[in-house]
>>> print(open('input_36.txt').read())   # compact mmCIF, N, CA and C atoms
# COMPACT_ATOMS: atom_id res chain seq x y z
N VAL A 1 -69.34 22.28 85.14
CA VAL A 1 -68.38 21.19 84.98
C VAL A 1 -68.73 20.09 85.97
N GLN A 2 -68.85 18.89 85.45
CA GLN A 2 -69.16 17.76 86.31
C GLN A 2 -68.12 16.66 86.11
N LEU A 3 -67.66 16.12 87.24
CA LEU A 3 -66.74 15.00 87.22
C LEU A 3 -67.41 13.83 87.93
N GLN A 4 -67.40 12.69 87.30
CA GLN A 4 -68.04 11.51 87.86
C GLN A 4 -67.01 10.41 87.99
N ALA A 5 -66.63 10.13 89.24
CA ALA A 5 -65.65 9.07 89.50
C ALA A 5 -66.37 7.76 89.77
N SER A 6 -65.75 6.68 89.33
CA SER A 6 -66.33 5.36 89.55
C SER A 6 -65.22 4.31 89.55
N GLY A 7 -65.58 3.10 89.99
CA GLY A 7 -64.65 2.00 89.91
C GLY A 7 -64.06 1.53 91.22
N GLY A 8 -64.36 2.21 92.31
CA GLY A 8 -63.84 1.80 93.59
C GLY A 8 -64.49 0.50 94.07
N GLY A 9 -63.99 -0.01 95.18
CA GLY A 9 -64.54 -1.22 95.73
C GLY A 9 -63.64 -1.82 96.79
N LEU A 10 -63.93 -3.06 97.13
CA LEU A 10 -63.17 -3.79 98.14
C LEU A 10 -62.31 -4.84 97.43
N VAL A 11 -61.04 -4.86 97.76
CA VAL A 11 -60.12 -5.81 97.13
C VAL A 11 -59.11 -6.26 98.17
N GLN A 12 -58.60 -7.46 97.98
CA GLN A 12 -57.57 -7.96 98.89
C GLN A 12 -56.22 -7.37 98.52
N ALA A 13 -55.35 -7.32 99.50
CA ALA A 13 -53.99 -6.83 99.25
C ALA A 13 -53.35 -7.61 98.10
N GLY A 14 -52.69 -6.87 97.23
CA GLY A 14 -52.09 -7.47 96.05
C GLY A 14 -52.99 -7.44 94.84
N GLY A 15 -54.25 -7.09 95.03
CA GLY A 15 -55.19 -7.05 93.94
C GLY A 15 -55.13 -5.75 93.15
N SER A 16 -56.08 -5.61 92.21
CA SER A 16 -56.10 -4.47 91.31
C SER A 16 -57.50 -3.87 91.23
N LEU A 17 -57.53 -2.59 90.96
CA LEU A 17 -58.77 -1.87 90.67
C LEU A 17 -58.48 -0.82 89.61
N SER A 18 -59.51 -0.50 88.84
CA SER A 18 -59.38 0.55 87.84
C SER A 18 -60.44 1.60 88.07
N LEU A 19 -60.00 2.83 88.29
CA LEU A 19 -60.91 3.94 88.50
C LEU A 19 -61.08 4.72 87.21
N SER A 20 -62.27 5.30 87.05
CA SER A 20 -62.56 6.15 85.91
C SER A 20 -63.11 7.47 86.39
N CYS A 21 -62.87 8.51 85.62
CA CYS A 21 -63.40 9.83 85.92
C CYS A 21 -63.93 10.41 84.61
N ALA A 22 -65.24 10.46 84.48
CA ALA A 22 -65.87 11.02 83.29
C ALA A 22 -66.11 12.50 83.52
N VAL A 23 -65.76 13.31 82.53
CA VAL A 23 -65.83 14.77 82.68
C VAL A 23 -66.76 15.34 81.62
N SER A 24 -67.58 16.28 82.03
CA SER A 24 -68.47 16.92 81.08
C SER A 24 -68.24 18.41 81.06
N VAL A 25 -68.47 19.03 79.94
CA VAL A 25 -68.42 20.48 79.77
C VAL A 25 -67.12 21.07 80.31
N TYR A 26 -66.04 20.64 79.75
CA TYR A 26 -64.74 21.10 80.24
C TYR A 26 -63.71 21.03 79.13
N THR A 27 -62.70 21.88 79.23
CA THR A 27 -61.60 21.84 78.27
C THR A 27 -60.69 20.68 78.63
N PHE A 28 -61.22 19.49 78.45
CA PHE A 28 -60.58 18.28 78.96
C PHE A 28 -59.19 18.08 78.40
N SER A 29 -58.99 18.43 77.16
CA SER A 29 -57.72 18.14 76.50
C SER A 29 -56.68 19.22 76.71
N ARG A 30 -56.96 20.23 77.52
CA ARG A 30 -56.02 21.34 77.67
C ARG A 30 -55.26 21.31 79.00
N ASN A 31 -55.95 20.99 80.07
CA ASN A 31 -55.35 21.19 81.39
C ASN A 31 -54.91 19.90 82.04
N ILE A 32 -53.97 20.04 82.96
CA ILE A 32 -53.59 18.93 83.81
C ILE A 32 -54.81 18.48 84.61
N MET A 33 -54.98 17.19 84.74
CA MET A 33 -56.00 16.64 85.61
C MET A 33 -55.35 15.66 86.57
N THR A 34 -56.02 15.46 87.71
CA THR A 34 -55.33 14.83 88.81
C THR A 34 -56.23 13.90 89.60
N TRP A 35 -55.58 12.91 90.21
CA TRP A 35 -56.24 12.06 91.21
C TRP A 35 -55.64 12.39 92.58
N PHE A 36 -56.51 12.59 93.55
CA PHE A 36 -56.12 12.73 94.94
C PHE A 36 -56.78 11.62 95.73
N ARG A 37 -56.36 11.44 96.97
CA ARG A 37 -57.04 10.50 97.85
C ARG A 37 -57.03 11.04 99.28
N GLN A 38 -57.99 10.56 100.04
CA GLN A 38 -58.09 10.99 101.43
C GLN A 38 -58.51 9.83 102.30
N ALA A 39 -57.63 9.47 103.21
CA ALA A 39 -57.92 8.41 104.17
C ALA A 39 -58.55 9.03 105.42
N PRO A 40 -59.28 8.24 106.19
CA PRO A 40 -59.92 8.77 107.39
C PRO A 40 -58.91 9.42 108.33
N GLY A 41 -59.21 10.63 108.76
CA GLY A 41 -58.35 11.33 109.69
C GLY A 41 -57.11 11.94 109.09
N LYS A 42 -56.97 11.84 107.77
CA LYS A 42 -55.79 12.37 107.11
C LYS A 42 -56.17 13.44 106.10
N GLU A 43 -55.18 14.24 105.72
CA GLU A 43 -55.41 15.26 104.72
C GLU A 43 -55.48 14.63 103.32
N ARG A 44 -56.13 15.35 102.43
CA ARG A 44 -56.18 14.90 101.04
C ARG A 44 -54.78 14.98 100.45
N GLU A 45 -54.37 13.93 99.77
CA GLU A 45 -53.02 13.90 99.23
C GLU A 45 -53.01 13.59 97.74
N PHE A 46 -52.00 14.11 97.09
CA PHE A 46 -51.82 13.92 95.66
C PHE A 46 -51.45 12.47 95.36
N VAL A 47 -52.02 11.94 94.27
CA VAL A 47 -51.70 10.59 93.83
C VAL A 47 -51.05 10.60 92.45
N ALA A 48 -51.73 11.21 91.47
CA ALA A 48 -51.22 11.15 90.10
C ALA A 48 -51.82 12.29 89.28
N ALA A 49 -51.07 12.73 88.28
CA ALA A 49 -51.53 13.79 87.40
C ALA A 49 -51.16 13.45 85.96
N ILE A 50 -51.94 14.03 85.03
CA ILE A 50 -51.70 13.78 83.62
C ILE A 50 -51.92 15.07 82.85
N SER A 51 -51.11 15.30 81.83
CA SER A 51 -51.23 16.51 81.04
C SER A 51 -52.48 16.48 80.18
N GLY A 52 -52.82 17.64 79.61
CA GLY A 52 -54.00 17.72 78.77
C GLY A 52 -53.98 16.75 77.60
N SER A 53 -52.82 16.62 76.98
CA SER A 53 -52.70 15.72 75.85
C SER A 53 -52.60 14.26 76.26
N GLY A 54 -52.25 14.04 77.53
CA GLY A 54 -52.01 12.67 78.00
C GLY A 54 -50.58 12.22 77.82
N GLY A 55 -49.73 13.10 77.28
CA GLY A 55 -48.38 12.70 76.97
C GLY A 55 -47.40 12.75 78.12
N ARG A 56 -47.82 13.39 79.21
CA ARG A 56 -46.92 13.49 80.37
C ARG A 56 -47.69 13.15 81.62
N THR A 57 -47.09 12.37 82.47
CA THR A 57 -47.71 11.98 83.73
C THR A 57 -46.75 12.18 84.88
N TYR A 58 -47.32 12.25 86.07
CA TYR A 58 -46.51 12.37 87.29
C TYR A 58 -47.23 11.60 88.38
N LEU A 59 -46.51 10.71 89.05
CA LEU A 59 -47.09 9.92 90.12
C LEU A 59 -46.36 10.15 91.43
N ALA A 60 -47.09 10.12 92.50
CA ALA A 60 -46.49 10.22 93.83
C ALA A 60 -45.56 9.02 94.04
N ASP A 61 -44.53 9.26 94.82
CA ASP A 61 -43.53 8.20 95.03
C ASP A 61 -44.14 6.92 95.57
N PHE A 62 -45.16 7.05 96.42
CA PHE A 62 -45.70 5.86 97.07
C PHE A 62 -46.57 5.01 96.14
N VAL A 63 -46.84 5.47 94.91
CA VAL A 63 -47.61 4.66 93.96
C VAL A 63 -46.85 4.37 92.68
N LYS A 64 -45.68 4.94 92.54
CA LYS A 64 -44.89 4.65 91.35
C LYS A 64 -44.66 3.15 91.22
N SER A 65 -44.70 2.66 90.00
CA SER A 65 -44.53 1.26 89.62
C SER A 65 -45.76 0.42 89.96
N ARG A 66 -46.74 0.98 90.68
CA ARG A 66 -47.96 0.24 90.98
C ARG A 66 -49.18 0.83 90.28
N PHE A 67 -49.25 2.14 90.18
CA PHE A 67 -50.40 2.83 89.59
C PHE A 67 -50.02 3.42 88.23
N THR A 68 -51.01 3.51 87.36
CA THR A 68 -50.83 4.15 86.06
C THR A 68 -52.01 5.09 85.81
N ILE A 69 -51.71 6.31 85.42
CA ILE A 69 -52.75 7.27 85.06
C ILE A 69 -52.78 7.41 83.55
N SER A 70 -53.98 7.50 83.00
CA SER A 70 -54.14 7.66 81.56
C SER A 70 -55.43 8.41 81.28
N LYS A 71 -55.63 8.77 80.03
CA LYS A 71 -56.87 9.45 79.67
C LYS A 71 -57.21 9.16 78.23
N ASP A 72 -58.49 9.31 77.92
CA ASP A 72 -58.98 9.19 76.55
C ASP A 72 -59.72 10.48 76.25
N ASN A 73 -59.07 11.36 75.49
CA ASN A 73 -59.68 12.66 75.21
C ASN A 73 -60.94 12.54 74.36
N ALA A 74 -61.02 11.52 73.56
CA ALA A 74 -62.22 11.34 72.75
C ALA A 74 -63.43 11.00 73.61
N LYS A 75 -63.18 10.38 74.75
CA LYS A 75 -64.26 10.00 75.66
C LYS A 75 -64.36 10.92 76.87
N ASN A 76 -63.49 11.95 76.93
CA ASN A 76 -63.48 12.85 78.09
C ASN A 76 -63.41 12.07 79.40
N THR A 77 -62.54 11.09 79.43
CA THR A 77 -62.44 10.23 80.60
C THR A 77 -60.98 10.03 80.99
N MET A 78 -60.75 10.10 82.28
CA MET A 78 -59.43 9.86 82.85
C MET A 78 -59.49 8.57 83.66
N TYR A 79 -58.36 7.87 83.73
CA TYR A 79 -58.33 6.57 84.39
C TYR A 79 -57.19 6.50 85.41
N LEU A 80 -57.36 5.62 86.38
CA LEU A 80 -56.28 5.30 87.30
C LEU A 80 -56.28 3.79 87.49
N GLN A 81 -55.29 3.13 86.92
CA GLN A 81 -55.13 1.69 87.08
C GLN A 81 -54.25 1.45 88.30
N MET A 82 -54.80 0.71 89.25
CA MET A 82 -54.10 0.49 90.51
C MET A 82 -53.80 -0.99 90.67
N ASN A 83 -52.53 -1.34 90.69
CA ASN A 83 -52.10 -2.71 90.86
C ASN A 83 -51.34 -2.87 92.16
N SER A 84 -51.17 -4.10 92.58
CA SER A 84 -50.41 -4.42 93.81
C SER A 84 -50.89 -3.56 94.97
N LEU A 85 -52.18 -3.50 95.15
CA LEU A 85 -52.75 -2.63 96.17
C LEU A 85 -52.35 -3.09 97.57
N LYS A 86 -52.20 -2.10 98.44
CA LYS A 86 -51.80 -2.34 99.82
C LYS A 86 -52.90 -1.81 100.75
N PRO A 87 -52.98 -2.31 101.96
CA PRO A 87 -53.98 -1.77 102.90
C PRO A 87 -53.86 -0.27 103.09
N GLU A 88 -52.66 0.26 103.03
CA GLU A 88 -52.47 1.70 103.20
C GLU A 88 -52.97 2.53 102.01
N ASP A 89 -53.38 1.86 100.93
CA ASP A 89 -54.01 2.56 99.81
C ASP A 89 -55.49 2.81 100.06
N THR A 90 -56.02 2.28 101.14
CA THR A 90 -57.43 2.48 101.48
C THR A 90 -57.72 3.96 101.68
N ALA A 91 -58.69 4.48 100.93
CA ALA A 91 -59.02 5.90 100.97
C ALA A 91 -60.19 6.15 100.02
N VAL A 92 -60.72 7.35 100.10
CA VAL A 92 -61.63 7.83 99.07
C VAL A 92 -60.78 8.51 98.00
N TYR A 93 -60.97 8.11 96.78
CA TYR A 93 -60.19 8.66 95.67
C TYR A 93 -61.04 9.68 94.91
N TYR A 94 -60.44 10.83 94.66
CA TYR A 94 -61.12 11.93 93.98
C TYR A 94 -60.38 12.30 92.71
N CYS A 95 -61.14 12.57 91.65
CA CYS A 95 -60.55 13.19 90.48
C CYS A 95 -60.82 14.68 90.55
N ALA A 96 -59.90 15.44 89.97
CA ALA A 96 -59.99 16.89 90.09
C ALA A 96 -59.50 17.56 88.82
N ALA A 97 -60.11 18.72 88.55
CA ALA A 97 -59.72 19.51 87.38
C ALA A 97 -59.65 20.97 87.79
N PRO A 98 -58.70 21.73 87.26
CA PRO A 98 -58.58 23.14 87.61
C PRO A 98 -59.43 24.01 86.69
N SER A 99 -59.69 25.23 87.13
CA SER A 99 -60.41 26.17 86.28
C SER A 99 -59.45 27.02 85.47
N ARG A 100 -58.16 26.85 85.71
CA ARG A 100 -57.15 27.58 84.95
C ARG A 100 -56.01 26.63 84.62
N ALA A 101 -55.27 26.98 83.61
CA ALA A 101 -54.14 26.14 83.23
C ALA A 101 -52.94 26.46 84.11
N PHE A 102 -52.22 25.45 84.53
CA PHE A 102 -50.93 25.65 85.17
C PHE A 102 -49.98 24.55 84.74
N GLY A 103 -48.72 24.77 85.03
CA GLY A 103 -47.70 23.85 84.57
C GLY A 103 -47.34 22.82 85.61
N TRP A 104 -46.14 22.29 85.49
CA TRP A 104 -45.68 21.20 86.33
C TRP A 104 -44.83 21.70 87.50
N GLY A 105 -45.22 22.89 88.00
CA GLY A 105 -44.59 23.36 89.23
C GLY A 105 -45.28 22.76 90.42
N PRO A 106 -45.17 23.40 91.59
CA PRO A 106 -45.79 22.81 92.79
C PRO A 106 -47.32 22.81 92.75
N GLU A 107 -47.94 23.65 91.91
CA GLU A 107 -49.40 23.81 91.97
C GLU A 107 -50.16 22.50 91.74
N PHE A 108 -49.69 21.69 90.82
CA PHE A 108 -50.53 20.57 90.41
C PHE A 108 -50.69 19.52 91.52
N ARG A 109 -49.85 19.61 92.55
CA ARG A 109 -49.97 18.67 93.67
C ARG A 109 -50.73 19.25 94.86
N GLN A 110 -51.27 20.45 94.71
CA GLN A 110 -51.95 21.14 95.80
C GLN A 110 -53.45 21.10 95.61
N PRO A 111 -54.19 20.45 96.50
CA PRO A 111 -55.65 20.32 96.30
C PRO A 111 -56.37 21.65 96.14
N PHE A 112 -55.91 22.70 96.82
CA PHE A 112 -56.65 23.97 96.78
C PHE A 112 -56.55 24.64 95.41
N GLN A 113 -55.68 24.15 94.54
CA GLN A 113 -55.58 24.72 93.19
C GLN A 113 -56.69 24.23 92.27
N TYR A 114 -57.47 23.24 92.71
CA TYR A 114 -58.46 22.63 91.86
C TYR A 114 -59.87 23.09 92.25
N ASN A 115 -60.64 23.45 91.25
CA ASN A 115 -61.99 23.98 91.48
C ASN A 115 -63.07 22.93 91.28
N TYR A 116 -62.79 21.91 90.49
CA TYR A 116 -63.81 20.94 90.14
C TYR A 116 -63.39 19.56 90.65
N TRP A 117 -64.33 18.94 91.36
CA TRP A 117 -64.03 17.66 92.00
C TRP A 117 -65.13 16.64 91.70
N GLY A 118 -64.70 15.41 91.52
CA GLY A 118 -65.67 14.33 91.49
C GLY A 118 -66.16 14.04 92.89
N GLN A 119 -67.16 13.19 93.00
CA GLN A 119 -67.79 12.92 94.29
C GLN A 119 -66.96 11.97 95.14
N GLY A 120 -65.95 11.36 94.56
CA GLY A 120 -65.12 10.43 95.31
C GLY A 120 -65.62 9.00 95.17
N THR A 121 -64.68 8.09 95.15
CA THR A 121 -65.03 6.67 95.10
C THR A 121 -64.17 5.94 96.12
N GLN A 122 -64.80 5.11 96.93
CA GLN A 122 -64.12 4.44 98.04
C GLN A 122 -63.32 3.24 97.53
N VAL A 123 -62.07 3.20 97.94
CA VAL A 123 -61.21 2.05 97.68
C VAL A 123 -60.81 1.46 99.03
N THR A 124 -61.12 0.20 99.24
CA THR A 124 -60.78 -0.47 100.50
C THR A 124 -59.95 -1.71 100.19
N VAL A 125 -58.77 -1.77 100.79
CA VAL A 125 -57.86 -2.89 100.56
C VAL A 125 -57.72 -3.66 101.87
N SER A 126 -58.13 -4.91 101.86
CA SER A 126 -58.05 -5.72 103.07
C SER A 126 -56.74 -6.48 103.09
N SER A 127 -56.25 -6.72 104.32
CA SER A 127 -54.96 -7.43 104.47
C SER A 127 -55.15 -8.92 104.53
>>> encode(input="input_36.txt", output="structure tokens")
Amino acid sequence: VQLQASGGGLVQAGGSLSLSCAVSVYTFSRNIMTWFRQAPGKEREFVAAISGSGGRTYLADFVKSRFTISKDNAKNTMYLQMNSLKPEDTAVYYCAAPSRAFGWGPEFRQPFQYNYWGQGTQVTVSS
């Protein structure tokens, strides 16, 4: 299973970026998939998750109303549209997929539940 994240970059506060995560050899349409991020010196934290069908999403409180997660099962690609970016959004963003199915309990927000990770893409927001 390979996950390839892309789309990061440098943007001014208030700007937008769109991240993509292309997935190969995976039951893409079955399991929850997730975006995490990790800022320097901080633990990896949950950002957003989407169901296998794409019909249900969950976003962390600090990105609600600013970020949107979506997916295209025909293209095996997941997206994260980030608007109204803030300097505190600066981090490496990772897409992740589990090796087993789980529901919308606490597991989907826990990084250790995920076996497959993209390489990460740097997002830097300047003030």
>>> closest_residue(input="input_36.txt", among="A:Trp104, A:Val25, A:Val47, A:Gly54", to="Asp72 (chain A)", atoms="all atoms listed in the file")
A:Gly54
>>> closest_residue(input="input_36.txt", among="A:Asn73, A:Thr68, A:Ser29, A:Ser126", to="Leu85 (chain A)", atoms="all atoms listed in the file")
A:Ser126
>>> closest_residue(input="input_36.txt", among="A:Pro106, A:Ala60, A:Asn76, A:Ser51", to="Ala22 (chain A)", atoms="all atoms listed in the file")
A:Asn76
>>> residues_around(input="input_36.txt", residues="region 30-37 of chain A", least_positions_apart="2", cutoff="5 Å", atoms="only N, CA and C atoms", output="MDAnalysis selection string")
chainID A and resid 27:28 39 44:52 92:96
>>> closest_residue(input="input_36.txt", among="A:Val1, A:Val11, A:Val23, A:Leu17", to="Lys75 (chain A)", atoms="only N, CA and C atoms")
A:Val23
>>> closest_residue(input="input_36.txt", among="A:Glu43, A:Glu107, A:Asp61, A:Asp89", to="Val125 (chain A)", atoms="all atoms listed in the file")
A:Asp89
>>> select_by_dssp(input="input_36.txt", residues="region 5-123 of chain A", states="helix (DSSP H, G or I)", output="list in words")
Pro87, Glu88, Asp89, Pro106, Glu107, Phe108, Arg109, Pro111, Phe112 and Gln113 of chain A
>>> atom_distance(input="input_36.txt", atom1="CA of Gln12 (chain A)", atom2="atom N of Thr124 (chain A)")
8.9 Å
>>> atom_distance(input="input_36.txt", atom1="atom N of Gly15 (chain A)", atom2="CA of Arg56 (chain A)")
26.3 Å
>>> select_by_dssp(input="input_36.txt", residues="chain A", states="strand (DSSP E)", output="number ranges by chain")
A: 2-6, 9-12, 17-24, 33-38, 45-50, 57-59, 67-72, 77-82, 91-97, 116-117, 121-126
>>> residues_around(input="input_36.txt", residues="Ser99 (chain A)", least_positions_apart="3", cutoff="6.5 Å", atoms="only N, CA and C atoms", output="ChimeraX atom specification")
/A:113-116
>>> atom_distance(input="input_36.txt", atom1="atom N of Ser127 (chain A)", atom2="CA of Lys42 (chain A)")
19.3 Å
